[in-house]
Amino acid sequence: MSALDRISNNPLPQIQFRQGIEDTQHAVLTDIYQEDTNMVVWKRDLANNLEQAADAIIESNPTLEELLVVSPEKAFESVKKLLGSSPEAEVLAEDIAYLVDMFCCLFDLKRGALRMTVLDRAMCPRFHVDRVPCRLVTTYQGIATEWLPHNVADRSKLGTGNMGKPDELSGLFDNLSDIQQLNSGDVGLMKGELWHNNEGAGLIHRSPQVPNNTRRLVLTLDFMDD
């Protein structure tokens, strides 16, 4: 048997460890292509005008929930049409168009699925994984997404494995300090179960509980099939 045959018959074991990487520079987003990584966070502080714009959008449309198919070329126009003609809408649309351009460029996509939602409750309150290749998430206002590092989680406790127990009592993780959380303004790339060679290692995450009398403005971007 040749060396090539031996390699083919004995493939390298699949990497089990997955890490999260964060940095204050947007270039960190390219690290999502590292095989041992399932979460990348661009930590950014929102400018005052973006924070004010998010507040204004929440105030003017507290039940906002929209799904758009957007291309980098038309993202600003599409989002601006959705949000209205106010100066605040234009500020927010510019930033969203910037993220759409980055997302589509990073993954060589012609378009993406954009969801923008104002929430006064946890949309997905249980820890779970997504059956997607990769998702971008950012929170413009309010409390942001919670996630678990791969090495602290017992994935057998996801879904029906929790036996009806709350996440905190199911055995999914040992300590509340294991839970990581994005900050408002952070841009996260969460690798899902459909990323090549990532089955069984999709990022475990959930929506946070929203404090009384507050709201979140959340944006997600997903791959869009042609």
# chains A, B, ... in the order shown; residues from 1 in each chain; ligands from 1
$ residues_around --residues "Leu68 (chain A)" --least-positions-apart "2" --cutoff "7 Å" --atoms "only C-alpha atoms" --output "PyMOL selection string"
chain A and resi 66+70+113-115
$ closest_residue --among "A:Val100, A:Leu92, A:Met116, A:Ala153" --to "His128 (chain A)" --atoms "only C-alpha atoms"
A:Ala153
$ closest_residue --among "A:Ala144, A:Ala75, A:Val129, A:Val118" --to "Gly200 (chain A)" --atoms "only C-alpha atoms"
A:Val129
$ closest_residue --among "A:Asn175, A:Gln180, A:Thr30, A:Gln209" --to "Met123 (chain A)" --atoms "only C-alpha atoms"
A:Gln209
$ atom_distance --atom1 "CA of His26 (chain A)" --atom2 "CA of Leu136 (chain A)"
12.9 Å
$ atom_distance --atom1 "CA of Trp42 (chain A)" --atom2 "CA of Ile58 (chain A)"
23.8 Å
$ residues_around --residues "Val28 (chain A)" --least-positions-apart "5" --cutoff "10 Å" --atoms "only C-alpha atoms" --output "list in words"
Ile21, Glu22, Asp23, Val40, Val41, Trp42 and Lys43 of chain A
$ write_last_selection --atoms "N, CA and C atoms" --output "PDB file, in the first residue's frame"
ATOM      1  N   ILE A  21     -12.445  34.079  19.018  1.00  0.00           N
ATOM      2  CA  ILE A  21     -11.391  35.080  18.849  1.00  0.00           C
ATOM      3  C   ILE A  21     -12.033  36.456  18.832  1.00  0.00           C
ATOM      4  N   GLU A  22     -11.413  37.422  19.494  1.00  0.00           N
ATOM      5  CA  GLU A  22     -11.937  38.784  19.471  1.00  0.00           C
ATOM      6  C   GLU A  22     -10.813  39.790  19.324  1.00  0.00           C
ATOM      7  N   ASP A  23     -11.151  40.932  18.735  1.00  0.00           N
ATOM      8  CA  ASP A  23     -10.176  42.001  18.539  1.00  0.00           C
ATOM      9  C   ASP A  23     -10.938  43.287  18.267  1.00  0.00           C
ATOM     10  N   VAL A  40     -16.061  34.622  16.115  1.00  0.00           N
ATOM     11  CA  VAL A  40     -15.140  35.745  15.961  1.00  0.00           C
ATOM     12  C   VAL A  40     -15.904  37.017  16.311  1.00  0.00           C
ATOM     13  N   VAL A  41     -15.298  37.873  17.115  1.00  0.00           N
ATOM     14  CA  VAL A  41     -15.959  39.093  17.566  1.00  0.00           C
ATOM     15  C   VAL A  41     -15.092  40.304  17.237  1.00  0.00           C
ATOM     16  N   TRP A  42     -15.660  41.191  16.445  1.00  0.00           N
ATOM     17  CA  TRP A  42     -15.062  42.512  16.246  1.00  0.00           C
ATOM     18  C   TRP A  42     -15.663  43.416  17.315  1.00  0.00           C
ATOM     19  N   LYS A  43     -14.850  43.754  18.296  1.00  0.00           N
ATOM     20  CA  LYS A  43     -15.319  44.577  19.406  1.00  0.00           C
ATOM     21  C   LYS A  43     -15.216  46.042  18.995  1.00  0.00           C
TER      22      LYS A  43
END
$ closest_residue --among "A:Ser207, A:Ser156, A:Gln19, A:Asn48" --to "Ala122 (chain A)" --atoms "only C-alpha atoms"
A:Ser207
$ select_by_dssp --residues "region 10-88 of chain A" --states "alpha helix (DSSP H)" --output "ChimeraX atom specification"
/A:48-60,75-83,87-88
$ write_last_selection --atoms "C-alpha atoms" --output "compact mmCIF listing (two decimals), in the first residue's frame"
# COMPACT_ATOMS: atom_id res chain seq x y z
CA ASN A 48 -22.80 58.63 19.53
CA ASN A 49 -24.73 59.33 16.35
CA LEU A 50 -25.27 55.60 15.78
CA GLU A 51 -26.51 55.11 19.34
CA GLN A 52 -28.87 58.05 18.94
CA ALA A 53 -30.05 56.70 15.59
CA ALA A 54 -30.82 53.30 17.13
CA ASP A 55 -32.78 54.98 19.94
CA ALA A 56 -34.78 56.97 17.41
CA ILE A 57 -35.62 53.89 15.31
CA ILE A 58 -36.80 51.99 18.40
CA GLU A 59 -38.91 54.96 19.49
CA SER A 60 -40.52 55.41 16.07
CA ALA A 75 -28.19 47.68 0.81
CA PHE A 76 -28.22 51.35 1.77
CA GLU A 77 -31.17 52.11 -0.48
CA SER A 78 -33.13 49.08 0.74
CA VAL A 79 -32.55 49.75 4.44
CA LYS A 80 -33.21 53.47 4.07
CA LYS A 81 -36.54 52.69 2.41
CA LEU A 82 -37.40 50.39 5.31
CA LEU A 83 -36.43 52.81 8.08
CA PRO A 87 -31.47 61.70 9.41
CA GLU A 88 -31.23 58.94 12.02
$ select_by_dssp --residues "region 33-74 of chain A" --states "strand (DSSP E or B)" --output "VMD selection string"
chain A and resid 37 to 42 65 to 70
$ write_last_selection --atoms "N, CA and C atoms" --output "compact mmCIF listing (two decimals), in the first residue's frame"
# COMPACT_ATOMS: atom_id res chain seq x y z
N THR A 37 -11.93 27.51 14.93
CA THR A 37 -12.63 28.69 15.44
C THR A 37 -14.10 28.63 15.07
N ASN A 38 -14.99 28.90 16.04
CA ASN A 38 -16.41 28.95 15.69
C ASN A 38 -17.09 30.25 16.10
N MET A 39 -16.30 31.21 16.63
CA MET A 39 -16.84 32.52 16.99
C MET A 39 -15.75 33.56 16.83
N VAL A 40 -16.06 34.62 16.12
CA VAL A 40 -15.14 35.75 15.96
C VAL A 40 -15.90 37.02 16.31
N VAL A 41 -15.30 37.87 17.11
CA VAL A 41 -15.96 39.09 17.57
C VAL A 41 -15.09 40.30 17.24
N TRP A 42 -15.66 41.19 16.45
CA TRP A 42 -15.06 42.51 16.25
C TRP A 42 -15.66 43.42 17.31
N GLU A 65 -39.94 44.45 12.73
CA GLU A 65 -39.47 43.09 12.45
C GLU A 65 -39.52 42.88 10.95
N GLU A 66 -38.36 42.97 10.30
CA GLU A 66 -38.32 42.92 8.84
C GLU A 66 -37.21 41.98 8.38
N LEU A 67 -37.48 41.30 7.27
CA LEU A 67 -36.51 40.44 6.61
C LEU A 67 -36.35 40.92 5.17
N LEU A 68 -35.12 41.24 4.80
CA LEU A 68 -34.83 41.74 3.47
C LEU A 68 -33.76 40.89 2.81
N VAL A 69 -33.83 40.75 1.50
CA VAL A 69 -32.73 40.21 0.72
C VAL A 69 -31.99 41.40 0.14
N VAL A 70 -30.70 41.52 0.48
CA VAL A 70 -29.96 42.72 0.11
C VAL A 70 -28.66 42.35 -0.59
$ atom_distance --atom1 "CA of Ala97 (chain A)" --atom2 "CA of Pro72 (chain A)"
6.7 Å
$ residues_around --residues "Ile179 (chain A)" --least-positions-apart "2" --cutoff "10 Å" --atoms "only C-alpha atoms" --output "VMD selection string"
chain A and resid 146 to 149 152 to 153 173 to 177 181 205
$ write_last_selection --atoms "N, CA and C atoms" --output "PDB file, in the first residue's frame"
ATOM      1  N   GLU A 146     -25.802  36.126  24.112  1.00  0.00           N
ATOM      2  CA  GLU A 146     -25.004  35.299  25.014  1.00  0.00           C
ATOM      3  C   GLU A 146     -24.527  34.049  24.271  1.00  0.00           C
ATOM      4  N   TRP A 147     -23.340  33.556  24.613  1.00  0.00           N
ATOM      5  CA  TRP A 147     -22.821  32.364  23.954  1.00  0.00           C
ATOM      6  C   TRP A 147     -21.932  31.565  24.897  1.00  0.00           C
ATOM      7  N   LEU A 148     -21.720  30.297  24.544  1.00  0.00           N
ATOM      8  CA  LEU A 148     -20.904  29.400  25.351  1.00  0.00           C
ATOM      9  C   LEU A 148     -19.668  28.963  24.565  1.00  0.00           C
ATOM     10  N   PRO A 149     -18.488  29.057  25.160  1.00  0.00           N
ATOM     11  CA  PRO A 149     -17.300  28.479  24.529  1.00  0.00           C
ATOM     12  C   PRO A 149     -17.483  26.973  24.343  1.00  0.00           C
ATOM     13  N   VAL A 152     -16.615  24.346  27.248  1.00  0.00           N
ATOM     14  CA  VAL A 152     -17.304  24.306  28.552  1.00  0.00           C
ATOM     15  C   VAL A 152     -18.684  23.675  28.452  1.00  0.00           C
ATOM     16  N   ALA A 153     -19.117  23.321  27.236  1.00  0.00           N
ATOM     17  CA  ALA A 153     -20.507  22.894  27.037  1.00  0.00           C
ATOM     18  C   ALA A 153     -20.619  21.380  26.849  1.00  0.00           C
ATOM     19  N   PHE A 173     -23.796  23.502  31.061  1.00  0.00           N
ATOM     20  CA  PHE A 173     -22.558  24.127  31.505  1.00  0.00           C
ATOM     21  C   PHE A 173     -22.521  24.077  33.022  1.00  0.00           C
ATOM     22  N   ASP A 174     -21.349  24.313  33.583  1.00  0.00           N
ATOM     23  CA  ASP A 174     -21.186  24.143  35.034  1.00  0.00           C
ATOM     24  C   ASP A 174     -21.446  25.413  35.828  1.00  0.00           C
ATOM     25  N   ASN A 175     -20.972  26.538  35.330  1.00  0.00           N
ATOM     26  CA  ASN A 175     -21.024  27.779  36.094  1.00  0.00           C
ATOM     27  C   ASN A 175     -21.577  28.918  35.254  1.00  0.00           C
ATOM     28  N   LEU A 176     -22.303  29.816  35.894  1.00  0.00           N
ATOM     29  CA  LEU A 176     -22.816  30.989  35.179  1.00  0.00           C
ATOM     30  C   LEU A 176     -21.690  31.796  34.561  1.00  0.00           C
ATOM     31  N   SER A 177     -20.504  31.726  35.164  1.00  0.00           N
ATOM     32  CA  SER A 177     -19.359  32.465  34.623  1.00  0.00           C
ATOM     33  C   SER A 177     -18.888  31.894  33.290  1.00  0.00           C
ATOM     34  N   GLN A 181     -20.755  36.990  26.667  1.00  0.00           N
ATOM     35  CA  GLN A 181     -21.779  37.885  26.120  1.00  0.00           C
ATOM     36  C   GLN A 181     -21.149  38.970  25.273  1.00  0.00           C
ATOM     37  N   HIS A 205     -25.507  29.452  21.446  1.00  0.00           N
ATOM     38  CA  HIS A 205     -25.835  30.829  21.824  1.00  0.00           C
ATOM     39  C   HIS A 205     -27.322  30.942  22.139  1.00  0.00           C
TER      40      HIS A 205
END
$ residues_around --residues "Arg44 (chain A)" --least-positions-apart "6" --cutoff "6 Å" --atoms "only C-alpha atoms" --output "ChimeraX atom specification"
/A:24,185-186
$ residues_around --residues "Glu199 (chain A)" --least-positions-apart "2" --cutoff "12 Å" --atoms "only C-alpha atoms" --output "list in words"
Gln14, Ile15, Gln16, Arg18, Glu35, Asn38, Val129, Asp130, Arg131, Val132, Pro133, Arg155, Lys191, Gly192, Glu193, Leu194, Trp195, His196, Asn197, Ala201, Gly202 and Leu203 of chain A
$ residues_around --residues "Phe223 (chain A)" --least-positions-apart "3" --cutoff "9 Å" --atoms "only C-alpha atoms" --output "list in words"
Cys104, Phe107, Leu109, Arg111, Gly112, Ala113, Val132, Pro133, Cys134 and Arg135 of chain A
